[in-house]
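For reference, upload_15.cif is printed below; it contains mmCIF, C-alpha atoms.
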data_model
#
loop_
_atom_site.group_PDB
_atom_site.id
_atom_site.type_symbol
_atom_site.label_atom_id
_atom_site.label_comp_id
_atom_site.auth_asym_id
_atom_site.auth_seq_id
_atom_site.Cartn_x
_atom_site.Cartn_y
_atom_site.Cartn_z
ATOM 1 C CA MET A 1 141.384 156.988 66.955
ATOM 2 C CA GLY A 2 140.253 156.659 70.551
ATOM 3 C CA ARG A 3 138.688 154.243 72.955
ATOM 4 C CA ASP A 4 135.331 154.207 71.142
ATOM 5 C CA THR A 5 136.861 153.396 67.741
ATOM 6 C CA VAL A 6 135.548 150.372 65.870
ATOM 7 C CA TYR A 7 138.413 148.453 64.264
ATOM 8 C CA LYS A 8 137.323 146.592 61.132
ATOM 9 C CA SER A 9 140.657 145.223 59.926
ATOM 10 C CA VAL A 10 144.391 145.176 60.624
ATOM 11 C CA ASP A 11 144.641 148.329 58.495
ATOM 12 C CA ASP A 12 142.813 150.193 61.280
ATOM 13 C CA PHE A 13 145.215 149.074 64.007
ATOM 14 C CA THR A 14 147.353 151.707 65.675
ATOM 15 C CA MET A 15 151.116 151.284 65.879
ATOM 16 C CA SER A 16 150.990 149.982 69.440
ATOM 17 C CA MET A 17 148.202 147.554 68.532
ATOM 18 C CA LEU A 18 150.298 146.179 65.674
ATOM 19 C CA LEU A 19 153.182 145.482 68.043
ATOM 20 C CA THR A 20 151.040 143.549 70.516
ATOM 21 C CA PRO A 21 150.576 140.377 68.385
ATOM 22 C CA VAL A 22 154.249 140.603 67.410
ATOM 23 C CA PHE A 23 155.237 140.506 71.074
ATOM 24 C CA ASN A 24 152.829 137.626 71.729
ATOM 25 C CA TRP A 25 154.199 135.636 68.793
ATOM 26 C CA ALA A 26 157.845 136.453 69.476
ATOM 27 C CA TYR A 27 157.645 135.303 73.105
ATOM 28 C CA GLU A 28 156.830 131.802 71.891
ATOM 29 C CA ASN A 29 158.750 131.720 68.608
ATOM 30 C CA ASP A 30 161.594 134.276 68.472
ATOM 31 C CA LEU A 31 163.023 135.409 71.795
ATOM 32 C CA THR A 32 165.724 137.396 70.015
ATOM 33 C CA LEU A 33 163.069 139.558 68.380
ATOM 34 C CA TYR A 34 161.190 139.764 71.681
ATOM 35 C CA ARG A 35 164.236 141.006 73.592
ATOM 36 C CA ASN A 36 165.196 143.560 70.943
ATOM 37 C CA LEU A 37 161.680 145.022 70.805
ATOM 38 C CA ASP A 38 161.278 144.894 74.573
ATOM 39 C CA LYS A 39 164.401 147.004 75.077
ATOM 40 C CA HIS A 40 162.861 150.018 73.308
ATOM 41 C CA PHE A 41 159.080 149.421 73.240
ATOM 42 C CA ASP A 42 158.413 147.743 76.618
ATOM 43 C CA ALA A 43 156.702 144.399 76.072
ATOM 44 C CA PHE A 44 154.662 144.619 79.275
ATOM 45 C CA LYS A 45 153.168 147.978 78.349
ATOM 46 C CA SER A 46 152.415 146.890 74.793
ATOM 47 C CA ARG A 47 150.807 143.595 75.831
ATOM 48 C CA SER A 48 148.642 145.298 78.480
ATOM 49 C CA MET A 49 146.124 146.767 76.049
ATOM 50 C CA TRP A 50 142.815 148.424 76.940
ATOM 51 C CA SER A 51 140.182 145.711 77.335
ATOM 52 C CA CYS A 52 137.839 147.485 74.912
ATOM 53 C CA GLU A 53 140.442 147.061 72.162
ATOM 54 C CA GLU A 54 141.489 143.550 73.061
ATOM 55 C CA ASP A 55 138.245 141.825 72.053
ATOM 56 C CA GLN A 56 138.222 143.588 68.687
ATOM 57 C CA MET A 57 141.860 142.692 68.089
ATOM 58 C CA ARG A 58 141.333 139.019 68.854
ATOM 59 C CA SER A 59 138.342 138.829 66.533
ATOM 60 C CA ILE A 60 140.240 140.435 63.650
ATOM 61 C CA LEU A 61 143.433 138.433 64.230
ATOM 62 C CA LYS A 62 141.500 135.135 64.114
ATOM 63 C CA ASN A 63 140.724 135.844 60.468
ATOM 64 C CA THR A 64 144.116 137.309 59.560
ATOM 65 C CA GLU A 65 147.191 135.447 58.387
ATOM 66 C CA PHE A 66 149.862 136.558 60.818
ATOM 67 C CA ASN A 67 153.366 137.362 59.621
ATOM 68 C CA PRO A 68 155.655 139.218 62.063
ATOM 69 C CA LEU A 69 157.551 141.040 59.289
ATOM 70 C CA ASP A 70 154.283 142.244 57.766
ATOM 71 C CA PHE A 71 153.021 143.560 61.119
ATOM 72 C CA LEU A 72 156.356 145.230 61.842
ATOM 73 C CA THR A 73 156.285 146.862 58.391
ATOM 74 C CA ARG A 74 152.809 148.211 59.092
ATOM 75 C CA ALA A 75 153.977 149.506 62.482
ATOM 76 C CA VAL A 76 156.998 151.303 60.999
ATOM 77 C CA ASN A 77 154.753 153.003 58.456
ATOM 78 C CA LYS A 78 152.633 154.427 61.303
ATOM 79 C CA ALA A 79 155.476 155.426 63.630
ATOM 80 C CA ASP A 80 156.108 158.978 64.771
ATOM 81 C CA TYR A 81 159.610 160.392 65.204
ATOM 82 C CA ASN A 82 160.104 158.933 68.658
ATOM 83 C CA ASP A 83 158.982 155.443 67.623
ATOM 84 C CA THR A 84 160.828 155.529 64.294
ATOM 85 C CA LEU A 85 164.040 156.125 66.204
ATOM 86 C CA ARG A 86 163.128 153.209 68.477
ATOM 87 C CA PHE A 87 162.761 150.990 65.429
ATOM 88 C CA ARG A 88 166.127 152.215 64.179
ATOM 89 C CA TRP A 89 167.757 151.426 67.530
ATOM 90 C CA THR A 90 166.075 148.010 67.498
ATOM 91 C CA PHE A 91 166.963 146.820 64.010
ATOM 92 C CA THR A 92 169.958 148.875 62.853
ATOM 93 C CA TYR A 93 172.121 148.660 65.938
ATOM 94 C CA ASP A 94 175.709 149.651 65.111
ATOM 95 C CA ARG A 95 178.365 148.091 67.339
ATOM 96 C CA SER A 96 180.921 150.733 66.378
ATOM 97 C CA VAL A 97 178.715 153.415 67.913
ATOM 98 C CA ASN A 98 177.099 151.531 70.792
ATOM 99 C CA LYS A 99 180.218 150.009 72.316
ATOM 100 C CA GLY A 100 178.575 149.681 75.693
ATOM 101 C CA GLU A 101 176.442 146.840 74.363
ATOM 102 C CA ALA A 102 178.944 145.278 71.979
ATOM 103 C CA ASP A 103 178.806 141.952 73.809
ATOM 104 C CA TYR A 104 175.041 141.558 73.573
ATOM 105 C CA GLU A 105 174.830 138.683 71.097
ATOM 106 C CA TRP A 106 171.077 139.084 70.737
ATOM 107 C CA LYS A 107 171.353 142.653 69.379
ATOM 108 C CA TYR A 108 170.661 143.152 65.675
ATOM 109 C CA GLY A 109 173.060 145.099 63.483
ATOM 110 C CA ASN A 110 173.171 146.696 60.062
ATOM 111 C CA MET A 111 176.507 145.031 59.298
ATOM 112 C CA LYS A 112 175.085 141.514 59.330
ATOM 113 C CA GLU A 113 171.939 140.004 57.834
ATOM 114 C CA HIS A 114 169.137 139.154 60.262
ATOM 115 C CA PRO A 115 165.514 138.007 59.736
ATOM 116 C CA TYR A 116 164.239 141.594 59.784
ATOM 117 C CA THR A 117 166.907 143.314 57.688
ATOM 118 C CA ALA A 118 164.187 144.261 55.177
ATOM 119 C CA LEU A 119 162.897 146.794 57.726
ATOM 120 C CA ILE A 120 166.051 148.928 57.597
ATOM 121 C CA PRO A 121 165.294 150.759 54.304
ATOM 122 C CA LEU A 122 161.659 151.132 55.389
ATOM 123 C CA ILE A 123 162.772 152.813 58.605
ATOM 124 C CA ASP A 124 164.956 155.193 56.563
ATOM 125 C CA GLU A 125 162.002 155.942 54.268
ATOM 126 C CA ARG A 126 159.809 156.663 57.268
ATOM 127 C CA MET A 127 162.394 159.032 58.687
ATOM 128 C CA LYS A 128 162.554 160.845 55.345
ATOM 129 C CA TYR A 129 158.761 161.189 55.336
ATOM 130 C CA LEU A 130 158.853 162.704 58.813
ATOM 131 C CA LYS A 131 161.605 165.125 57.834
ATOM 132 C CA ASP A 132 159.835 166.162 54.633
ATOM 133 C CA ASN A 133 156.679 166.886 56.625
ATOM 134 C CA ASN A 134 158.433 168.728 59.461
ATOM 135 C CA LEU A 135 157.595 165.939 61.899
ATOM 136 C CA ASP A 136 161.149 164.867 62.735
ATOM 137 C CA ASP A 137 160.938 166.389 66.186
ATOM 138 C CA TRP A 138 160.599 164.961 69.687
ATOM 139 C CA HIS A 139 157.583 167.137 70.475
ATOM 140 C CA LYS A 140 155.566 166.375 67.342
ATOM 141 C CA SER A 141 153.502 163.307 66.545
ATOM 142 C CA GLU A 142 150.803 162.388 64.031
ATOM 143 C CA ASP A 143 149.964 159.378 66.206
ATOM 144 C CA HIS A 144 146.911 160.944 67.821
ATOM 145 C CA ASP A 145 145.877 157.666 69.428
ATOM 146 C CA LYS A 146 149.189 157.553 71.281
ATOM 147 C CA HIS A 147 148.559 161.072 72.611
ATOM 148 C CA ASP A 148 144.784 160.759 72.871
ATOM 149 C CA HIS A 149 144.630 161.647 76.570
ATOM 150 C CA PHE A 150 146.866 164.698 76.149
ATOM 151 C CA ARG A 151 144.786 165.954 73.206
ATOM 152 C CA TYR A 152 141.605 165.350 75.203
ATOM 153 C CA TRP A 153 142.860 167.758 77.869
ATOM 154 C CA ILE A 154 143.860 170.432 75.345
ATOM 155 C CA ASN A 155 140.382 170.214 73.833
ATOM 156 C CA ASN A 156 138.949 170.404 77.336
ATOM 157 C CA PHE A 157 140.723 173.715 78.012
ATOM 158 C CA LEU A 158 139.307 175.032 74.740
ATOM 159 C CA THR A 159 135.706 173.969 75.269
ATOM 160 C CA GLU A 160 134.952 173.756 79.006
ATOM 161 C CA ASP A 161 132.763 176.550 80.346
ATOM 162 C CA LYS A 162 135.260 177.604 82.979
ATOM 163 C CA LEU A 163 137.756 180.434 83.241
ATOM 164 C CA PHE A 164 141.364 179.448 82.554
ATOM 165 C CA SER A 165 144.456 181.600 82.264
ATOM 166 C CA MET A 166 147.778 180.928 80.581
ATOM 167 C CA ARG A 167 151.342 181.982 81.147
ATOM 168 C CA LEU A 168 154.516 180.846 79.401
ATOM 169 C CA PHE A 169 157.694 179.885 81.208
ATOM 170 C CA VAL A 170 160.561 180.852 78.919
ATOM 171 C CA GLU A 171 163.739 178.775 78.947
ATOM 172 C CA ASN A 172 166.584 179.495 76.542
ATOM 173 C CA ASP A 173 170.038 178.037 76.018
ATOM 174 C CA THR A 174 171.454 180.061 78.920
ATOM 175 C CA LYS A 175 168.882 178.482 81.258
ATOM 176 C CA ALA A 176 167.571 181.919 82.161
ATOM 177 C CA LEU A 177 163.856 181.917 82.936
ATOM 178 C CA ASP A 178 161.190 184.504 82.276
ATOM 179 C CA THR A 179 157.418 184.390 82.669
ATOM 180 C CA LEU A 180 154.991 185.802 80.127
ATOM 181 C CA TYR A 181 151.319 186.244 80.963
ATOM 182 C CA ILE A 182 149.233 185.394 77.885
ATOM 183 C CA GLY A 183 145.719 185.928 79.220
ATOM 184 C CA THR A 184 142.522 183.981 79.820
ATOM 185 C CA ASN A 185 140.477 181.770 77.524
ATOM 186 C CA GLN A 186 138.253 184.792 76.878
ATOM 187 C CA TYR A 187 140.983 186.182 74.634
ATOM 188 C CA GLN A 188 142.286 185.042 71.260
ATOM 189 C CA GLU A 189 145.881 184.373 72.279
ATOM 190 C CA PHE A 190 144.967 181.637 74.776
ATOM 191 C CA ASN A 191 142.753 179.811 72.293
ATOM 192 C CA GLU A 192 144.988 180.192 69.255
ATOM 193 C CA ILE A 193 148.004 178.741 71.062
ATOM 194 C CA LEU A 194 146.044 175.648 72.098
ATOM 195 C CA LYS A 195 144.490 175.274 68.647
ATOM 196 C CA TYR A 196 147.985 175.439 67.165
ATOM 197 C CA ILE A 197 149.065 172.574 69.423
ATOM 198 C CA LEU A 198 146.230 170.404 68.098
ATOM 199 C CA GLU A 199 146.493 171.425 64.452
ATOM 200 C CA ASN A 200 150.259 171.017 64.274
ATOM 201 C CA ASN A 201 150.612 167.691 66.084
ATOM 202 C CA ILE A 202 152.442 169.127 69.091
ATOM 203 C CA CYS A 203 152.886 166.608 71.898
ATOM 204 C CA PRO A 204 154.871 166.371 75.155
ATOM 205 C CA ASP A 205 158.607 165.884 74.634
ATOM 206 C CA PRO A 206 159.760 162.687 76.426
ATOM 207 C CA HIS A 207 163.129 164.359 77.142
ATOM 208 C CA HIS A 208 161.638 167.438 78.813
ATOM 209 C CA LYS A 209 159.333 166.226 81.584
ATOM 210 C CA GLU A 210 160.512 168.658 84.220
ATOM 211 C CA LEU A 211 161.132 172.398 84.374
ATOM 212 C CA ILE A 212 163.032 174.050 87.230
ATOM 213 C CA VAL A 213 161.859 177.589 87.927
ATOM 214 C CA SER A 214 162.933 180.171 90.470
ATOM 215 C CA ASP A 215 160.942 180.844 93.582
ATOM 216 C CA PHE A 216 159.575 184.235 92.595
ATOM 217 C CA ALA A 217 158.639 185.082 96.164
ATOM 218 C CA ASN A 218 162.254 184.592 97.193
ATOM 219 C CA PRO A 219 164.218 184.696 93.923
ATOM 220 C CA ASP A 220 167.530 183.026 94.549
ATOM 221 C CA ILE A 221 169.211 179.878 93.338
ATOM 222 C CA TYR A 222 168.597 178.025 96.598
ATOM 223 C CA ASN A 223 164.828 177.678 96.357
ATOM 224 C CA PRO A 224 164.014 176.197 92.953
ATOM 225 C CA ARG A 225 160.599 174.781 92.161
ATOM 226 C CA LYS A 226 160.020 171.858 89.847
ATOM 227 C CA ILE A 227 157.131 171.866 87.408
ATOM 228 C CA ASN A 228 156.144 168.505 85.923
ATOM 229 C CA SER A 229 152.964 169.438 84.077
ATOM 230 C CA SER A 230 151.515 172.397 82.214
ATOM 231 C CA GLY A 231 148.825 172.912 84.833
ATOM 232 C CA GLN A 232 147.641 171.590 88.171
ATOM 233 C CA PHE A 233 144.616 169.555 87.120
ATOM 234 C CA GLY A 234 143.729 165.992 88.058
ATOM 235 C CA GLY A 235 144.828 163.659 85.284
ATOM 236 C CA PHE A 236 146.665 166.331 83.297
ATOM 237 C CA TRP A 237 150.271 165.286 83.839
ATOM 238 C CA TYR A 238 151.826 166.610 80.633
ATOM 239 C CA LEU A 239 154.498 169.272 80.295
ATOM 240 C CA VAL A 240 154.325 170.802 76.828
ATOM 241 C CA TYR A 241 156.237 173.602 75.139
ATOM 242 C CA LEU A 242 156.261 175.547 71.895
ATOM 243 C CA THR A 243 159.448 176.832 70.323
ATOM 244 C CA SER A 244 160.043 180.462 69.462
ATOM 245 C CA THR A 245 159.617 179.562 65.777
ATOM 246 C CA GLU A 246 156.230 177.969 66.420
ATOM 247 C CA LEU A 247 154.954 180.866 68.508
ATOM 248 C CA ARG A 248 156.074 183.349 65.872
ATOM 249 C CA GLU A 249 153.996 181.347 63.393
ATOM 250 C CA VAL A 250 150.984 181.620 65.717
ATOM 251 C CA TYR A 251 151.496 185.384 65.847
ATOM 252 C CA LYS A 252 151.966 185.715 62.106
ATOM 253 C CA THR A 253 149.042 183.538 60.974
ATOM 254 C CA LYS A 254 146.499 183.495 63.798
ATOM 255 C CA ILE A 255 146.653 186.615 65.937
ATOM 256 C CA LYS A 256 144.589 189.673 65.000
ATOM 257 C CA LYS A 257 147.040 192.425 65.811
ATOM 258 C CA ASN A 258 144.467 195.211 66.036
ATOM 259 C CA ARG A 259 142.917 193.483 69.043
ATOM 260 C CA LEU A 260 146.116 193.407 71.061
ATOM 261 C CA SER A 261 146.552 195.664 74.070
ATOM 262 C CA GLU A 262 149.818 197.487 74.680
ATOM 263 C CA ARG A 263 150.773 194.835 77.227
ATOM 264 C CA ASP A 264 150.022 192.050 74.742
ATOM 265 C CA LYS A 265 152.071 193.782 72.056
ATOM 266 C CA ALA A 266 155.045 193.857 74.432
ATOM 267 C CA VAL A 267 154.657 190.117 75.125
ATOM 268 C CA TRP A 268 154.620 189.237 71.435
ATOM 269 C CA ALA A 269 157.479 191.628 70.726
ATOM 270 C CA TYR A 270 159.520 189.642 73.257
ATOM 271 C CA ILE A 271 158.556 186.370 71.575
ATOM 272 C CA ASN A 272 159.277 187.681 68.088
ATOM 273 C CA ALA A 273 162.699 188.894 69.201
ATOM 274 C CA HIS A 274 163.837 185.259 69.535
ATOM 275 C CA LYS A 275 164.897 184.701 65.946
ATOM 276 C CA HIS A 276 167.671 182.836 64.155
ATOM 277 C CA GLU A 277 168.539 180.732 67.181
ATOM 278 C CA ASP A 278 170.756 177.674 66.954
ATOM 279 C CA TYR A 279 168.848 176.299 69.948
ATOM 280 C CA PRO A 280 165.315 177.717 69.774
ATOM 281 C CA THR A 281 163.964 179.095 73.008
ATOM 282 C CA LYS A 282 161.304 176.903 74.600
ATOM 283 C CA PHE A 283 158.089 178.463 75.858
ATOM 284 C CA TYR A 284 156.450 176.085 78.338
ATOM 285 C CA VAL A 285 152.701 176.355 78.607
ATOM 286 C CA PHE A 286 151.247 176.684 82.102
ATOM 287 C CA ILE A 287 147.481 176.885 82.617
ATOM 288 C CA THR A 288 145.693 177.771 85.847
#
Mind converting the file's structure to structure tokens?
Amino acid sequence: MGRDTVYKSVDDFTMSMLLTPVFNWAYENDLTLYRNLDKHFDAFKSRSMWSCEEDQMRSILKNTEFNPLDFLTRAVNKADYNDTLRFRWTFTYDRSVNKGEADYEWKYGNMKEHPYTALIPLIDERMKYLKDNNLDDWHKSEDHDKHDHFRYWINNFLTEDKLFSMRLFVENDTKALDTLYIGTNQYQEFNEILKYILENNICPDPHHKELIVSDFANPDIYNPRKINSSGQFGGFWYLVYLTSTELREVYKTKIKKNRLSERDKAVWAYINAHKHEDYPTKFYVFIT
């Protein structure tokens, strides 16, 4: 769903849209719920919806019987890995683990009944669904509306009539860094990597928003450079990576080996050499 989507019922609402009326209701009726949700979902951000969605939402909500537990249930069932964990932190808070907040009386817990205890097994079911579908990962999300702008840019690199080139910054568990030149968008490797990102629900990892690389003109540890996005383009502020496992899948299923040059074969041989890793090597995309 995107900005031009027509929403006909609550069933069409995105996860963030479902939380908005909950925040509005909770502010007036249940400040405990409001504070718990605000801690992990940011009430201000959620309540500041796009204006094009707001009118549709109001119209639908006028004819809908509102129940906060029902809307929260719907939201959980649409959550990606990141948001499912946020729901878990919101409603299944465990004092024995989170001792730093043990005195927060407004925090919910799984050791004591609260008005939204019924969500706890639903959150566990959602997590199981994500795991079963290989979506229990920080850099994967089926919530395409949430990552609509990022996916727009990836599609733009695939379709715009302009020459782009791609390299991969390689970071492994030793923090060593290499650079692999993939090629331009006139070649299969460039396009297949970006198509894989779209087809496999790859998204930016909220825990990896910065990459420190060496100054290759003066390679020493005193002149690092920070990269915050996978390309220097206006509005494209996303840093995205693929793991060694994911790139090996691209090579195995998408790349036509007979079209590879000797240089390309060496690049993919390097990628394919990263196998059986406890901490998979990350290959950060960088487009110019």
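Evaluated against this file, the PyMOL selection byres ((chain A and resi 37) around 10) yields Leu19, Val22, Phe23, Ala26, Leu31, Thr32, Leu33, Tyr34, Arg35, Asn36, Asp38, Lys39, His40, Phe41, Asp42, Ala43, Arg86, Phe87, Trp89, Thr90 and Phe91 of chain A.
Residues captured in this structure file are A:Met17, A:Leu18, A:Leu19, A:Thr20, A:Val22, A:Phe23, A:Asn24, A:Trp25, A:Ala26, A:Arg47, A:Leu61, A:Phe66, A:Pro68, A:Phe71, according to the PyMOL selection byres ((chain A and resi 21) around 9).
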Kindly export the residues of the current selection with C-alpha atoms, as a PDB file, in the frame of the given file.
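Saved result, selection.pdb, follows:
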ATOM      1  CA  MET A  17     148.202 147.554  68.532  1.00  0.00           C
ATOM      2  CA  LEU A  18     150.298 146.179  65.674  1.00  0.00           C
ATOM      3  CA  LEU A  19     153.182 145.482  68.043  1.00  0.00           C
ATOM      4  CA  THR A  20     151.040 143.549  70.516  1.00  0.00           C
ATOM      5  CA  VAL A  22     154.249 140.603  67.410  1.00  0.00           C
ATOM      6  CA  PHE A  23     155.237 140.506  71.074  1.00  0.00           C
ATOM      7  CA  ASN A  24     152.829 137.626  71.729  1.00  0.00           C
ATOM      8  CA  TRP A  25     154.199 135.636  68.793  1.00  0.00           C
ATOM      9  CA  ALA A  26     157.845 136.453  69.476  1.00  0.00           C
ATOM     10  CA  ARG A  47     150.807 143.595  75.831  1.00  0.00           C
ATOM     11  CA  LEU A  61     143.433 138.433  64.230  1.00  0.00           C
ATOM     12  CA  PHE A  66     149.862 136.558  60.818  1.00  0.00           C
ATOM     13  CA  PRO A  68     155.655 139.218  62.063  1.00  0.00           C
ATOM     14  CA  PHE A  71     153.021 143.560  61.119  1.00  0.00           C
TER      15      PHE A  71
END
Top pick for closest residue to Arg263 of chain A, considering A:Leu211, A:Leu180, A:Leu247, A:Val6 and counting all atoms listed in the file = A:Leu180
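You will find atom CA of Cys203 of chain A at 10.9 Å from atom CA of Asp80 of chain A.
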Find the residues of segment 69-95 of chain A that sit at most 9 Å from segment 116-139 of chain A; for each, write down the nearest two atoms and how far apart they are in Å, to one decimal. Count all atoms listed in the file. Sort by chain, then by number going up, and give it as a Markdown table.
| residue | atom | partner | partner_atom | distance |
| --- | --- | --- | --- | --- |
| A:Leu69 | CA | A:Tyr116 | CA | 6.7 |
| A:Leu72 | CA | A:Leu119 | CA | 7.9 |
| A:Thr73 | CA | A:Leu119 | CA | 6.6 |
| A:Val76 | CA | A:Ile123 | CA | 6.4 |
| A:Asn77 | CA | A:Arg126 | CA | 6.4 |
| A:Lys78 | CA | A:Arg126 | CA | 8.5 |
| A:Ala79 | CA | A:Arg126 | CA | 7.8 |
| A:Asp80 | CA | A:Leu130 | CA | 7.5 |
| A:Tyr81 | CA | A:Asp136 | CA | 5.3 |
| A:Asn82 | CA | A:Trp138 | CA | 6.1 |
| A:Thr84 | CA | A:Ile123 | CA | 6.6 |
| A:Leu85 | CA | A:Met127 | CA | 8.2 |
| A:Phe87 | CA | A:Ile123 | CA | 7.1 |
| A:Arg88 | CA | A:Ile123 | CA | 6.5 |
| A:Phe91 | CA | A:Ile120 | CA | 6.8 |
| A:Thr92 | CA | A:Ile120 | CA | 6.5 |
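For the choices A:Lys282, A:Lys140, A:His208, A:Lys254, the atom-to-atom distance to Gln188 of chain A is smallest for A:Lys254 when using all atoms listed in the file.
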